[in-house]
Amino acid sequence: MLKVISHGGKVEKYSYFIFYEWVEIPFAGFSFDCNMQGEIKFNDLSPEALVHYGKCESGEYEVIYRGLQREDQSYFESKVAECYCGEPIVLELFTNECSHCHQHYNIAGQQLVKKELL
């Protein structure tokens, strides 16, 4: 078996944003990244985003303030192991090949084809 560098598995991430929705176009509008307390990092906004934020706040845009929103993201990361040649290899398919020495491994990290190391 190969030495595991990263076990992978399910990753869950959450992001937060302030949302302003167009009056005439439901579910469309402007979102501005923020923390879970709704505090926007204005230094991280592009100049265009700052202009849009100002127009949303001032009422120049016909939008409805929808407040703090949370977006949930979850996905699976594949296991990463160290090939016998020392290179990292992502174990995500039934058969995985090391790009350096061309050894083959299954998704569990078991060697499938024996080749001489270069």
# chains A, B, ... in the order shown; residues from 1 in each chain; ligands from 1
>>> closest_atom_pairs(of="range 45-87 of chain A", to="range 8-28 of chain A", cutoff="9 Å", atoms="only C-alpha atoms", output="JSON lines")
{"residue": "A:Tyr53", "atom": "CA", "partner": "A:Tyr20", "partner_atom": "CA", "distance": 9.0}
{"residue": "A:Cys56", "atom": "CA", "partner": "A:Tyr20", "partner_atom": "CA", "distance": 7.0}
{"residue": "A:Tyr61", "atom": "CA", "partner": "A:Trp22", "partner_atom": "CA", "distance": 7.9}
{"residue": "A:Glu62", "atom": "CA", "partner": "A:Val23", "partner_atom": "CA", "distance": 5.8}
{"residue": "A:Val63", "atom": "CA", "partner": "A:Trp22", "partner_atom": "CA", "distance": 4.3}
{"residue": "A:Ile64", "atom": "CA", "partner": "A:Glu21", "partner_atom": "CA", "distance": 5.1}
{"residue": "A:Tyr65", "atom": "CA", "partner": "A:Tyr20", "partner_atom": "CA", "distance": 4.6}
{"residue": "A:Arg66", "atom": "CA", "partner": "A:Phe19", "partner_atom": "CA", "distance": 5.3}
{"residue": "A:Gly67", "atom": "CA", "partner": "A:Ile18", "partner_atom": "CA", "distance": 5.2}
{"residue": "A:Leu68", "atom": "CA", "partner": "A:Ile18", "partner_atom": "CA", "distance": 4.6}
{"residue": "A:Gln69", "atom": "CA", "partner": "A:Phe17", "partner_atom": "CA", "distance": 5.4}
{"residue": "A:Arg70", "atom": "CA", "partner": "A:Tyr16", "partner_atom": "CA", "distance": 4.6}
{"residue": "A:Glu71", "atom": "CA", "partner": "A:Ser15", "partner_atom": "CA", "distance": 5.3}
{"residue": "A:Asp72", "atom": "CA", "partner": "A:Tyr14", "partner_atom": "CA", "distance": 4.8}
{"residue": "A:Gln73", "atom": "CA", "partner": "A:Lys13", "partner_atom": "CA", "distance": 5.1}
{"residue": "A:Ser74", "atom": "CA", "partner": "A:Glu12", "partner_atom": "CA", "distance": 4.3}
{"residue": "A:Tyr75", "atom": "CA", "partner": "A:Val11", "partner_atom": "CA", "distance": 5.4}
{"residue": "A:Phe76", "atom": "CA", "partner": "A:Lys10", "partner_atom": "CA", "distance": 4.4}
{"residue": "A:Glu77", "atom": "CA", "partner": "A:Gly8", "partner_atom": "CA", "distance": 4.7}
{"residue": "A:Ser78", "atom": "CA", "partner": "A:Gly8", "partner_atom": "CA", "distance": 4.9}
{"residue": "A:Lys79", "atom": "CA", "partner": "A:Gly8", "partner_atom": "CA", "distance": 4.5}
{"residue": "A:Val80", "atom": "CA", "partner": "A:Gly8", "partner_atom": "CA", "distance": 7.1}
>>> closest_residue(among="A:Met36, A:Val4, A:Leu45, A:Cys83", to="Cys98 in chain A", atoms="only C-alpha atoms")
A:Cys83
>>> select_by_dssp(residues="chain A", states="strand (DSSP E)", output="PyMOL selection string")
chain A and resi 3-6+9-22+29-34+63-77+79-82+88-91+96-97+104-105+111-113
>>> write_last_selection(atoms="C-alpha atoms", output="CSV table (one decimal), in the first residue's frame")
chain,number,residue,atom,x,y,z
A,3,LYS,CA,1.7,6.2,1.9
A,4,VAL,CA,-1.4,8.4,2.1
A,5,ILE,CA,-0.7,12.2,1.8
A,6,SER,CA,-4.4,13.2,2.1
A,9,GLY,CA,-13.5,12.7,1.8
A,10,LYS,CA,-16.5,15.0,2.0
A,11,VAL,CA,-15.7,18.7,2.2
A,12,GLU,CA,-18.3,21.2,3.3
A,13,LYS,CA,-17.9,24.9,2.9
A,14,TYR,CA,-20.1,27.8,3.6
A,15,SER,CA,-20.0,31.3,2.2
A,16,TYR,CA,-22.0,34.4,3.0
A,17,PHE,CA,-23.2,37.3,1.0
A,18,ILE,CA,-25.5,40.3,1.1
A,19,PHE,CA,-28.1,40.1,-1.6
A,20,TYR,CA,-30.1,42.8,-3.4
A,21,GLU,CA,-32.8,41.5,-5.8
A,22,TRP,CA,-34.1,43.4,-8.8
A,29,GLY,CA,-29.6,41.1,-8.7
A,30,PHE,CA,-26.3,41.8,-6.8
A,31,SER,CA,-24.5,39.9,-4.2
A,32,PHE,CA,-21.6,41.1,-2.1
A,33,ASP,CA,-19.3,38.6,-0.2
A,34,CYS,CA,-19.3,39.1,3.6
A,63,VAL,CA,-33.8,46.5,-5.9
A,64,ILE,CA,-35.1,44.8,-2.7
A,65,TYR,CA,-32.7,44.2,0.1
A,66,ARG,CA,-32.8,40.5,0.8
A,67,GLY,CA,-30.2,40.6,3.6
A,68,LEU,CA,-27.6,38.0,4.6
A,69,GLN,CA,-27.6,34.8,2.6
A,70,ARG,CA,-25.7,31.6,3.1
A,71,GLU,CA,-24.5,29.3,0.3
A,72,ASP,CA,-23.7,25.7,1.2
A,73,GLN,CA,-21.2,23.8,-0.9
A,74,SER,CA,-20.2,20.2,-0.4
A,75,TYR,CA,-18.1,18.0,-2.6
A,76,PHE,CA,-15.7,15.0,-2.3
A,77,GLU,CA,-12.0,15.3,-2.6
A,79,LYS,CA,-7.4,10.5,-1.8
A,80,VAL,CA,-3.8,11.5,-2.6
A,81,ALA,CA,-1.0,9.1,-2.0
A,82,GLU,CA,2.8,9.0,-2.6
A,88,PRO,CA,2.0,12.4,-5.5
A,89,ILE,CA,-0.8,10.5,-7.2
A,90,VAL,CA,-4.5,11.3,-7.0
A,91,LEU,CA,-6.5,8.1,-6.5
A,96,ASN,CA,-4.7,5.6,-11.7
A,97,GLU,CA,-1.3,6.1,-13.3
A,104,HIS,CA,-0.7,1.8,-12.0
A,105,TYR,CA,-2.8,1.8,-8.8
A,111,GLN,CA,-0.3,-1.6,-7.3
A,112,LEU,CA,-1.9,-3.1,-10.4
A,113,VAL,CA,1.0,-3.3,-12.9
>>> atom_distance(atom1="CA of Pro47 in chain A", atom2="CA of Gly59 in chain A")
18.7 Å
>>> atom_distance(atom1="CA of Gln110 in chain A", atom2="CA of Leu2 in chain A")
7.2 Å
>>> select_by_dssp(residues="chain A", states="alpha helix (DSSP H)", output="list in words")
Pro47, Glu48, Ala49, Leu50, Val51, His52, Tyr53, Gly54, Lys55, Cys56, Glu57 and Ser58 of chain A
>>> atom_distance(atom1="CA of His7 in chain A", atom2="CA of Cys85 in chain A")
19.4 Å
